[in-house]
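Chemist: I'd like to ask some things about the structure below.
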Amino acid sequence: MKLTIIGTGYVGLITGACFAEFGYETVCVDKDLDRINQLNDCICPFYEPGVEELLNKHLNKTKLLSFSNSLPQSVHNADIVFITVGTPSKRLEGDADLSFVWDVAREISQNIKKYCLVVTKSTVPVGTTQHVKQIILENVNQESFDVVSNPEFLREGSAIDDFMRPDRVVIGCENKKSENIMKELYRPLNLNETPIVSTSIESSEVIKYASNSFLATKISFINQVANLCEQVGANIQDVAKGMGIDKRIGSKFLHAGPGYGGSCFPKDVKAFINTAKKNNVDFSILSAVDSFNDGRISEITKKIISKSNLNKGDTATMLGLSFKPNTDDIRDSTSIKIAKILNEKGINIKCYDPEAMTNAKKENSFLVLSDDAYAACEESKVIIIGTEWNEFRALDLKQIIGKQNNLCIFDLRNIYNPKELKELGYNYFGTGT
Ligand SMILES: NC(=O)c1ccc[n+]([C@@H]2O[C@H](COP(=O)([O-])OP(=O)(O)OC[C@H]3O[C@@H](n4cnc5c(N)ncnc54)[C@H](O)[C@@H]3O)[C@@H](O)[C@H]2O)c1
């Protein structure tokens, strides 16, 4: 089977590299020529563990993987074409901006030469895949293609493992022919007995948004419980543990923190709310999740300022800038949002992140970058743990506090033991403790 992946970002590149690992001849296309040149030199344009090894294997050795910025040629020969372009939030409205998807659908429609499947793997609101079909039908007859929805559930930071060992694969098809091709495509996953959930196109599109929105709801829920814990002297980590052991609840996504960020949850929650609104369906639960999460950043910033008495001209340290560990993705990063508000109040921000500093500095010139976590903490009044990178768990905190008294540490991710830090002389503030 010959595959073409259009959009070589976090999802497209991992999808392409992993399908090559399955043994398929795969072409990854992107309109960004610099990106394609970098990839052809075996350089991954972003940080994701394990990708460069796969690139090297399939670009240079098996030759199953190739990169191109020419969409027409890549579509002519393909059996399956995946759309993996971005679907960001439209400014102000919160609706998904589908312009990249429509552009790609038009280009595909002009270049189909033999029967192929056109698969939406980008996260797209219900109805989008059918609209892609209508666009293609303007140039191609129905016998020459089928559309499929196959949303992606990988997580940045563990993307390859998630792709190779998913909890499930969801495929939304209109007929048996396309369903059988998709099942054949994912046959290598039979080895791990991966469930294939076969649905209508509409259900498949909704599954993706409902899944992300449910996880986001769990996060906002536990963060509201964390706020309550702070008021009543309870400890959110004990509470979450006590809840999560219950198999009906589960322990994942029950970690109190600064709220959800990243390239998916914020935009997907907003887009799902919009879909409900357009269909006159009450989704007030999700609207509450969204507005609580949006407000959490300023609540946390207020807490930092008031508890540490931060003033204009003071310096604060942000440890961790990416929206989660093991990625350099800073889209909707809560650390950067907090740093920005503090900086607007005249506070200097020193920072350190193992991978995300270049991306962060590009868009936030106020950040003062440091070579390591220790340098970032020097002469700071406040340390904020924004992202739970493993290397922050093993810092020599005795060295950082030195002879200072009552250095404030805001452990937004609850990675430290409050008792130990208090004994070292820190003024420790966890989340929900
Ligand atoms: N990032 C994740 O963790 C993740 C996980 C699951 C699903 N998703 C979804 O997958 C989709 C892609 O996300 P991403 O994070 O990989 O996006 P991204 O922004 O990292 O990458 C998108 C790529 O598409 C390219 N592109 C845009 N228009 C193009 C065109 N006309 N022709 C060729 N290339 C084009 C861009 O240059 C870019 O390289 C989104 O819908 C997202 O919601 C993302």
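By convention in this document, the chains of the structure tokens carry letters A, B, ... by their order, each chain's residues are numbered from 1, and ligands are numbered from 1 in the order they are shown.
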Find the spatial neighbours of Ser335 in chain A, counting only C-alpha atoms, within a cut-off of 9 Å - ignore same-chain residues fewer than 4 positions away - and output them as a PDB file with C-alpha atoms, in the first residue's frame.
Modeler:
ATOM      1  CA  PRO A 258      -2.291  25.122  36.394  1.00  0.00           C
ATOM      2  CA  ILE A 297      -4.119  31.253  34.892  1.00  0.00           C
ATOM      3  CA  MET A 318       9.892  29.766  35.592  1.00  0.00           C
ATOM      4  CA  LEU A 319      11.141  26.185  35.376  1.00  0.00           C
ATOM      5  CA  GLY A 320       9.530  24.540  32.358  1.00  0.00           C
ATOM      6  CA  LEU A 321       8.049  26.355  29.370  1.00  0.00           C
ATOM      7  CA  SER A 322       6.625  23.595  27.185  1.00  0.00           C
ATOM      8  CA  PHE A 323       2.982  22.722  27.792  1.00  0.00           C
ATOM      9  CA  ILE A 330       4.676  25.784  23.598  1.00  0.00           C
ATOM     10  CA  ALA A 339       5.149  34.338  32.847  1.00  0.00           C
ATOM     11  CA  LYS A 340       3.522  36.882  30.515  1.00  0.00           C
ATOM     12  CA  ILE A 384       7.683  28.450  39.808  1.00  0.00           C
ATOM     13  CA  ILE A 385       7.641  24.810  38.662  1.00  0.00           C
ATOM     14  CA  GLY A 386       5.568  25.195  35.504  1.00  0.00           C
ATOM     15  CA  THR A 387       6.235  21.902  33.711  1.00  0.00           C
TER      16      THR A 387
END
Chemist: Do you know which residues are within 6 Å of ligand 1 using only C-alpha atoms and all ligand atoms? Can you write them as a PyMOL selection string?
Modeler: chain A and resi 6-12+29-32+84-87+100+103-104+122-123+152-156+263-264
Chemist: Give the helix (DSSP H, G or I) residues of range 43-276 of chain A, as DSSP finds them on the backbone, and put them as a VMD selection string.
Modeler: chain A and resid 51 to 61 71 to 76 99 to 109 128 to 137 142 to 144 159 to 164 176 to 185 187 to 192 201 to 232 236 to 244 265 to 276
Chemist: Pick from A:Ala78, A:Arg165, A:Asn311, A:Leu424: nearest to Glu193 in chain A, with only C-alpha atoms counted?
Modeler: A:Arg165
Chemist: Here is a test: counting only C-alpha atoms, which residue of A:Asp95, A:Ala373, A:Gly257, A:Ser251 is nearest to Asp411 in chain A?
Modeler: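 The closest residue to Asp411 in chain A is A:Gly257.
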Chemist: Compile the contact shell of Ile249 in chain A as a list of chain:residue names: residues with an atom at most 10 Å away, counting only C-alpha atoms, same-chain residues fewer than 6 positions apart removed.
Modeler: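 The residues that qualify are A:Lys218, A:Ala240, A:Met243.
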Chemist: Store the residues picked out above, limited to C-alpha atoms, as a PDB file, in the first residue's frame.
Modeler:
ATOM      1  CA  LYS A 218     -11.499  15.627  34.437  1.00  0.00           C
ATOM      2  CA  ALA A 240      -6.940  12.106  43.818  1.00  0.00           C
ATOM      3  CA  MET A 243     -10.557   8.621  43.900  1.00  0.00           C
TER       4      MET A 243
END
Chemist: Do you have, as CSV, the list of residues of range 124-206 of chain A lying at most 12 Å from range 278-293 of chain A, each with its nearest atom pair and that distance in Å to one decimal, counting only C-alpha atoms and ordered by chain then number?
Modeler:
residue,atom,partner,partner_atom,distance
A:Pro125,CA,A:Lys278,CA,11.4
A:Val126,CA,A:Asn279,CA,11.0
A:Gly127,CA,A:Asn279,CA,11.9
Chemist: Could you check which of A:Phe19, A:Phe145, A:Phe214, A:Trp102 is closest to Leu64 in chain A, using only C-alpha atoms?
Modeler: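 Between A:Phe19, A:Phe145, A:Phe214, A:Trp102, the residue approaching Leu64 in chain A most closely is A:Phe19.
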Chemist: Please list as a CSV table (one decimal) with C-alpha atoms, in the first residue's frame every residue within 12 Å of Lys183 in chain A, counting only C-alpha atoms and excluding residues in the same chain fewer than 2 positions away.
Modeler:
chain,number,residue,atom,x,y,z
A,148,VAL,CA,-12.8,8.2,5.9
A,150,ASN,CA,-9.5,8.3,11.4
A,169,VAL,CA,-8.0,2.9,16.5
A,170,VAL,CA,-11.2,4.7,15.4
A,171,ILE,CA,-12.3,4.5,11.8
A,172,GLY,CA,-15.4,6.1,10.4
A,173,CYS,CA,-16.4,4.8,7.0
A,176,LYS,CA,-17.3,-1.9,3.5
A,177,LYS,CA,-14.7,-1.3,0.8
A,178,SER,CA,-13.1,1.6,2.6
A,179,GLU,CA,-13.5,-0.1,6.0
A,180,ASN,CA,-11.7,-3.2,4.7
A,181,ILE,CA,-8.8,-1.1,3.4
A,185,LEU,CA,-3.8,-0.7,6.9
A,186,TYR,CA,-3.8,-1.2,10.6
A,187,ARG,CA,-3.4,-5.0,10.5
A,188,PRO,CA,0.2,-4.8,12.0
A,189,LEU,CA,-1.5,-3.7,15.2
A,190,ASN,CA,-3.4,-7.0,15.4
A,194,THR,CA,-5.6,-3.3,19.4
A,195,PRO,CA,-9.3,-2.8,19.2
A,196,ILE,CA,-10.5,-1.2,16.0
A,197,VAL,CA,-13.6,0.8,16.6
A,198,SER,CA,-15.5,0.9,13.3
Chemist: Excluding same-chain residues fewer than 3 positions from Tyr352 in chain A, what lies within 9 Å of it counting only C-alpha atoms, as number ranges by chain?
Modeler: A: 317-321, 355-357, 368-377
Chemist: If you count only C-alpha atoms, which residues fall within 9 Å of Asn414 in chain A, apart from same-chain ones fewer than 5 positions away, as a list in words?
Modeler: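 So, after excluding close chain neighbours, the residues are Gln237, His255, Ala256, Gly257, Ile385, Glu388, Phe429, Gly430, Thr431, Gly432 and Thr433 of chain A.
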Chemist: Need the shell around Asn364 in chain A: protein/DNA/RNA residues with any atom at most 9 Å away, counting only C-alpha atoms. Skip same-chain ones fewer than 4 positions apart. Format as a list in words?
Modeler: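 Once the nearby chain positions are removed, what remains is Ile336, Lys340, Asn359 and Ala360 of chain A.
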Chemist: Mind pulling up the distance from CA of Leu367 in chain A to CA of Asn309 in chain A?
Modeler: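 Computing it gives 20.8 Å between the two atoms.
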